[in-house]
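The structure file coords36.cif is reproduced below (mmCIF, C-alpha atoms).
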data_start
#
loop_
_atom_site.label_atom_id
_atom_site.label_comp_id
_atom_site.auth_asym_id
_atom_site.auth_seq_id
_atom_site.Cartn_x
_atom_site.Cartn_y
_atom_site.Cartn_z
CA MET D 36 90.44 79.53 91.64
CA LYS D 37 91.50 82.89 93.03
CA PRO D 38 93.01 82.59 96.51
CA ILE D 39 91.55 84.44 99.46
CA LYS D 40 93.51 86.12 102.21
CA LEU D 41 92.00 86.83 105.62
CA HIS D 42 92.98 90.20 107.05
CA LYS D 43 93.70 90.47 110.78
CA ASN D 44 90.67 92.75 111.39
CA TYR D 45 88.36 90.18 109.84
CA ILE D 46 89.90 87.39 111.92
CA LYS D 47 89.51 89.41 115.11
CA LYS D 48 85.86 90.20 114.42
CA ARG D 49 85.09 86.65 113.23
CA ASP D 50 86.59 85.14 116.38
CA LYS D 51 84.50 87.46 118.52
CA LEU D 52 81.34 86.31 116.75
CA LEU D 53 82.32 82.65 117.08
CA LYS D 54 83.06 83.11 120.76
CA SER D 55 79.65 84.64 121.36
CA HIS D 56 78.01 81.80 119.35
CA VAL D 57 76.38 84.25 116.95
CA LEU D 58 77.82 82.33 114.01
CA THR D 59 79.37 78.91 113.72
CA LYS D 60 82.73 78.06 112.21
CA GLU D 61 80.91 75.66 109.87
CA GLU D 62 78.67 78.43 108.51
CA ILE D 63 81.63 80.69 107.78
CA ASP D 64 83.84 77.94 106.38
CA ALA D 65 81.06 76.66 104.11
CA THR D 66 80.43 80.18 102.83
CA LEU D 67 84.07 80.88 102.02
CA HIS D 68 84.50 77.43 100.50
CA LEU D 69 81.54 78.03 98.19
CA PHE D 70 82.79 81.53 97.38
CA GLN D 71 86.14 80.16 96.27
CA ASN D 72 84.59 77.41 94.19
CA ASP D 73 81.61 79.24 92.73
CA PRO D 74 81.40 82.96 93.53
CA THR D 75 78.35 83.23 91.29
CA ASP D 76 76.25 80.95 93.52
CA ARG D 77 73.07 82.91 94.29
CA ARG D 78 73.10 82.00 97.97
CA LEU D 79 76.18 84.17 98.39
CA ARG D 80 74.49 87.27 96.97
CA VAL D 81 77.83 88.69 95.91
CA HIS D 82 77.59 92.30 94.89
CA LYS D 83 79.67 95.40 94.63
CA ILE D 84 79.59 97.95 97.43
CA ARG D 85 78.78 101.23 95.77
CA CYS D 86 80.13 104.18 97.65
CA ARG D 87 81.95 107.48 97.33
CA ARG D 88 84.98 105.97 95.70
CA ASP D 89 84.43 103.33 93.11
CA LYS D 90 86.80 100.69 94.44
CA GLN D 91 86.81 96.98 94.03
CA ARG D 92 84.92 96.38 97.23
CA PHE D 93 82.32 93.66 97.45
CA SER D 94 79.99 92.00 99.89
CA LEU D 95 78.77 88.43 100.23
CA THR D 96 76.27 86.86 102.56
CA VAL D 97 77.16 84.21 105.11
CA ILE D 98 74.75 81.56 103.84
CA ASN D 99 71.35 81.57 105.60
CA THR D 100 72.31 84.37 107.98
CA GLN D 101 72.07 88.16 108.11
CA TYR D 102 75.84 88.54 108.22
CA ARG D 103 77.87 89.99 105.36
CA ILE D 104 81.51 89.41 104.60
CA LEU D 105 83.17 92.45 103.03
CA TYR D 106 86.18 92.08 100.79
CA SER D 107 88.48 93.83 98.34
CA SER D 108 88.95 92.06 95.07
CA PHE D 109 92.42 92.33 93.57
CA GLU D 110 93.72 90.74 90.41
CA ASP D 111 95.60 88.02 92.28
CA VAL D 112 93.67 87.67 95.53
CA ASP D 113 90.40 88.42 97.32
CA LEU D 114 91.21 90.15 100.55
CA ILE D 115 88.61 89.40 103.23
CA VAL D 116 88.43 92.52 105.36
CA TYR D 117 85.38 92.62 107.61
CA ILE D 118 82.30 90.72 108.74
CA ALA D 119 79.30 92.93 109.41
CA ASN D 120 75.97 92.30 111.08
CA HIS D 121 72.74 93.44 109.44
CA ASP D 122 72.60 96.75 111.29
CA GLU D 123 76.19 97.65 110.43
CA TYR D 124 75.69 96.61 106.83
CA SER D 125 72.56 98.72 106.45
CA ARG D 126 74.60 101.79 107.52
CA LEU D 127 77.34 101.14 105.04
CA ASN D 128 75.91 103.06 102.14
CA LYS D 129 74.53 106.00 104.05
CA ASN D 130 76.01 109.35 103.02
CA CYS D 131 77.71 107.74 100.07
CA MET I 154 96.57 113.08 110.83
CA THR I 155 98.06 112.44 114.26
CA ALA I 156 95.65 115.02 115.56
CA GLN I 157 92.79 113.14 113.92
CA ILE I 158 93.83 109.87 115.54
CA ASN I 159 94.31 111.56 118.89
CA THR I 160 90.83 112.94 118.51
CA ILE I 161 89.45 109.43 118.35
CA GLN I 162 91.54 108.18 121.26
CA ASN I 163 91.85 111.20 123.52
CA PHE I 164 88.56 112.89 122.91
CA GLY I 165 87.70 109.95 125.05
CA LEU I 166 85.49 107.89 122.85
CA ARG I 167 85.59 105.07 125.39
CA SER I 168 84.76 107.22 128.40
CA PHE I 169 82.19 109.15 126.40
CA ILE I 170 80.42 105.92 125.59
CA ASN I 171 80.66 104.73 129.19
CA ILE I 172 78.85 107.93 130.20
CA LEU I 173 76.19 107.26 127.59
CA GLN I 174 75.77 103.73 128.91
CA SER I 175 75.26 104.83 132.47
CA MET I 176 72.86 107.51 131.24
CA VAL I 177 70.71 104.97 129.51
CA LYS I 178 70.77 102.67 132.54
CA ASN I 179 69.38 105.55 134.56
CA ILE I 180 66.95 106.64 131.95
CA LYS I 181 63.95 105.67 134.03
CA SER I 182 65.09 107.78 136.94
CA ASN I 183 64.56 111.49 136.92
CA LEU I 184 66.97 112.66 134.28
CA SER I 185 65.94 116.10 133.15
CA GLN I 186 65.18 117.28 129.67
CA SER I 187 68.12 119.70 129.86
CA PHE I 188 70.37 116.73 130.62
CA PHE I 189 69.29 115.00 127.40
CA ASP I 190 69.43 118.21 125.40
CA SER I 191 72.99 118.73 126.52
CA ALA I 192 73.90 115.08 125.80
CA SER I 193 72.39 115.40 122.33
CA LEU I 194 74.62 118.37 121.62
CA GLU I 195 77.70 116.48 122.79
CA ILE I 196 76.79 113.50 120.61
CA GLU I 197 76.37 115.78 117.63
CA LYS I 198 79.86 117.22 118.19
CA ALA I 199 81.30 113.71 118.54
CA THR I 200 79.58 112.68 115.31
CA ASP I 201 81.13 115.63 113.48
CA GLU I 202 84.55 114.59 114.79
CA LEU I 203 84.04 111.08 113.47
CA TRP I 204 82.98 112.32 110.04
CA SER I 205 85.97 114.59 109.84
CA PHE I 206 88.16 111.58 110.66
CA TYR I 207 86.34 109.57 107.97
CA TYR I 208 86.83 112.23 105.31
CA TYR I 209 90.48 112.55 106.25
CA ILE I 210 90.98 108.82 105.76
CA ILE I 211 89.28 108.73 102.38
CA SER I 212 91.10 111.77 101.06
CA ALA I 213 94.59 111.30 102.53
CA GLU I 214 97.50 110.22 100.36
CA ARG I 215 98.39 106.54 100.76
CA GLU I 216 101.98 107.52 101.66
CA ASP I 217 100.72 109.62 104.55
CA LEU I 218 98.52 106.85 105.88
CA LEU I 219 101.37 104.34 105.79
CA LYS I 220 102.98 106.08 108.75
CA TYR I 221 100.24 105.02 111.14
CA ASN I 222 99.25 101.91 113.00
CA PHE I 223 95.47 101.85 113.14
CA ASP I 224 95.08 98.83 115.43
CA ASN I 225 94.16 100.79 118.57
CA VAL I 226 91.80 103.12 116.73
CA LEU I 227 90.04 100.18 115.10
CA GLU I 228 89.72 98.43 118.45
CA THR I 229 88.22 101.57 119.99
CA LEU I 230 85.77 102.01 117.12
CA GLU I 231 84.76 98.34 117.26
CA ASN I 232 84.15 98.32 121.03
CA SER I 233 82.35 101.64 120.85
CA SER I 234 79.98 100.60 118.12
CA GLU I 235 79.09 97.40 120.00
CA LYS I 236 78.18 99.47 123.04
CA ILE I 237 76.15 101.95 121.02
CA GLU I 238 74.23 99.06 119.43
CA LYS I 239 73.23 97.94 122.92
CA ILE I 240 72.30 101.47 123.98
CA LEU I 241 70.16 101.95 120.88
CA SER I 242 68.48 98.64 121.53
CA THR I 243 67.69 99.72 125.13
CA LEU I 244 66.36 103.05 123.89
CA ASN I 245 64.09 101.28 121.42
CA GLU I 246 62.44 99.48 124.33
CA ILE I 247 61.50 102.77 125.97
CA LYS I 248 58.01 103.71 124.94
CA SER I 249 58.24 107.40 125.86
CA LYS I 250 57.44 109.74 122.98
CA GLU I 251 59.04 112.76 124.65
CA PRO I 252 60.54 114.87 121.83
CA TYR I 253 63.85 115.34 123.63
CA LEU I 254 64.24 111.55 123.90
CA GLN I 255 63.43 111.16 120.22
CA VAL I 256 66.07 113.78 119.36
CA PHE I 257 68.59 112.06 121.61
CA LYS I 258 67.88 108.73 119.92
CA SER I 259 68.16 110.23 116.46
CA LYS I 260 71.52 111.87 117.31
CA LEU I 261 72.78 108.60 118.73
CA ASP I 262 71.64 106.79 115.62
CA ASN I 263 73.65 109.19 113.45
CA PHE I 264 76.62 108.72 115.76
CA TYR I 265 76.38 104.95 115.29
CA THR I 266 76.29 105.33 111.51
CA ALA I 267 79.45 107.45 111.64
CA LEU I 268 81.16 104.89 113.89
CA VAL I 269 80.30 102.02 111.55
CA GLN I 270 81.43 103.86 108.45
CA CYS I 271 84.69 104.93 110.09
CA LYS I 272 85.58 101.44 111.24
CA ILE I 273 84.70 99.75 107.95
CA GLU I 274 86.49 102.37 105.85
CA LEU I 275 89.51 102.16 108.13
CA SER I 276 89.48 98.36 107.99
CA PHE I 277 89.52 98.46 104.19
CA THR I 278 92.20 101.15 104.12
CA ASP I 279 94.38 99.22 106.56
CA ALA I 280 93.98 95.95 104.63
CA GLU I 281 94.58 97.54 101.22
CA LEU I 282 97.64 99.41 102.44
CA GLU I 283 99.10 96.19 103.80
CA TYR I 284 98.38 94.39 100.53
CA GLU I 285 99.91 97.16 98.40
CA THR I 286 102.98 97.39 100.63
CA ASN I 287 103.58 93.64 100.53
CA LYS I 288 103.16 93.60 96.78
CA ALA I 289 105.64 96.43 96.28
CA SER I 290 108.32 94.87 98.48
#

Would you mind giving the structure from this file in structure tokens?
Amino acid sequence: MKPIKLHKNYIKKRDKLLKSHVLTKEEIDATLHLFQNDPTDRRLRVHKIRCRRDKQRFSLTVINTQYRILYSSFEDVDLIVYIANHDEYSRLNKNC
Amino acid sequence: MTAQINTIQNFGLRSFINILQSMVKNIKSNLSQSFFDSASLEIEKATDELWSFYYYIISAEREDLLKYNFDNVLETLENSSEKIEKILSTLNEIKSKEPYLQVFKSKLDNFYTALVQCKIELSFTDAELEYETNKAS
């Protein structure tokens, strides 16, 4: 199992969402737990973010929500970088 | 690069957005078409500034970017995009089909896209730089 590392920007944004009760800790924890154990699970809808520069950047869905967790996949770790709402996520590939 | 960061902080993104907020609150009062036309122009300029910041980030050398702490910029971009989301949502509730309002909304929508792309790109850049630096040390 590849370890995950939560970046400070992700933590900041996640805590904001938890505080405003938009998402629950259980939803996020269950999603990341599943991702670590079976990243191919269809509920996660893991896919590569295709943009200007072809980097190892991916997105996964917080199960049963419109939120997406964005991460960089390195050889030794998946670096969780950002959690985006549907509107933000839909803007991500514009002008790419 | 410092100039680019100063642009984000000093060009007054926060105060600019506060002005936009108060504008939208007063949208039902008698704001003139020229007022919105002028605001649309300002938003367009601000959007160009954000894109130029974005392109700088994606094209700069990693070594150059390492010199900067992006925390404040990211915070500004995050708070700003939250406010713009609310403004756009308020604008969507306004039924007026006046062309100048439609233009204003469209410009603001583009501005929001630029904000989102800047903050997400910067978040990735910041995280990847930290990872690469830790790995090298």

Exercise. Name the residues that the PyMOL selection byres ((chain I) within 12 of (chain D)) pulls out of this structure, and write them as number ranges by chain.
Key: I: 204, 207-208, 211-212, 223-228, 230-232, 234-235, 237-239, 241-242, 262-285, 288

Quiz prompt | stretch 60-76 of chain D environment, 7 Å, only C-alpha atoms, sequence neighbours closer than 2 positions dropped, as a PyMOL selection string | solution = chain D and resi 36-37+53+58+78-79+97-98

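For the file at hand, the PyMOL selection byres ((chain I and resi 191-195) around 8) resolves to I:Ser187, I:Phe188, I:Phe189, I:Asp190, I:Ile196, I:Glu197, I:Lys198, I:Ala199, I:Val256, I:Phe257, I:Lys260, I:Leu261.
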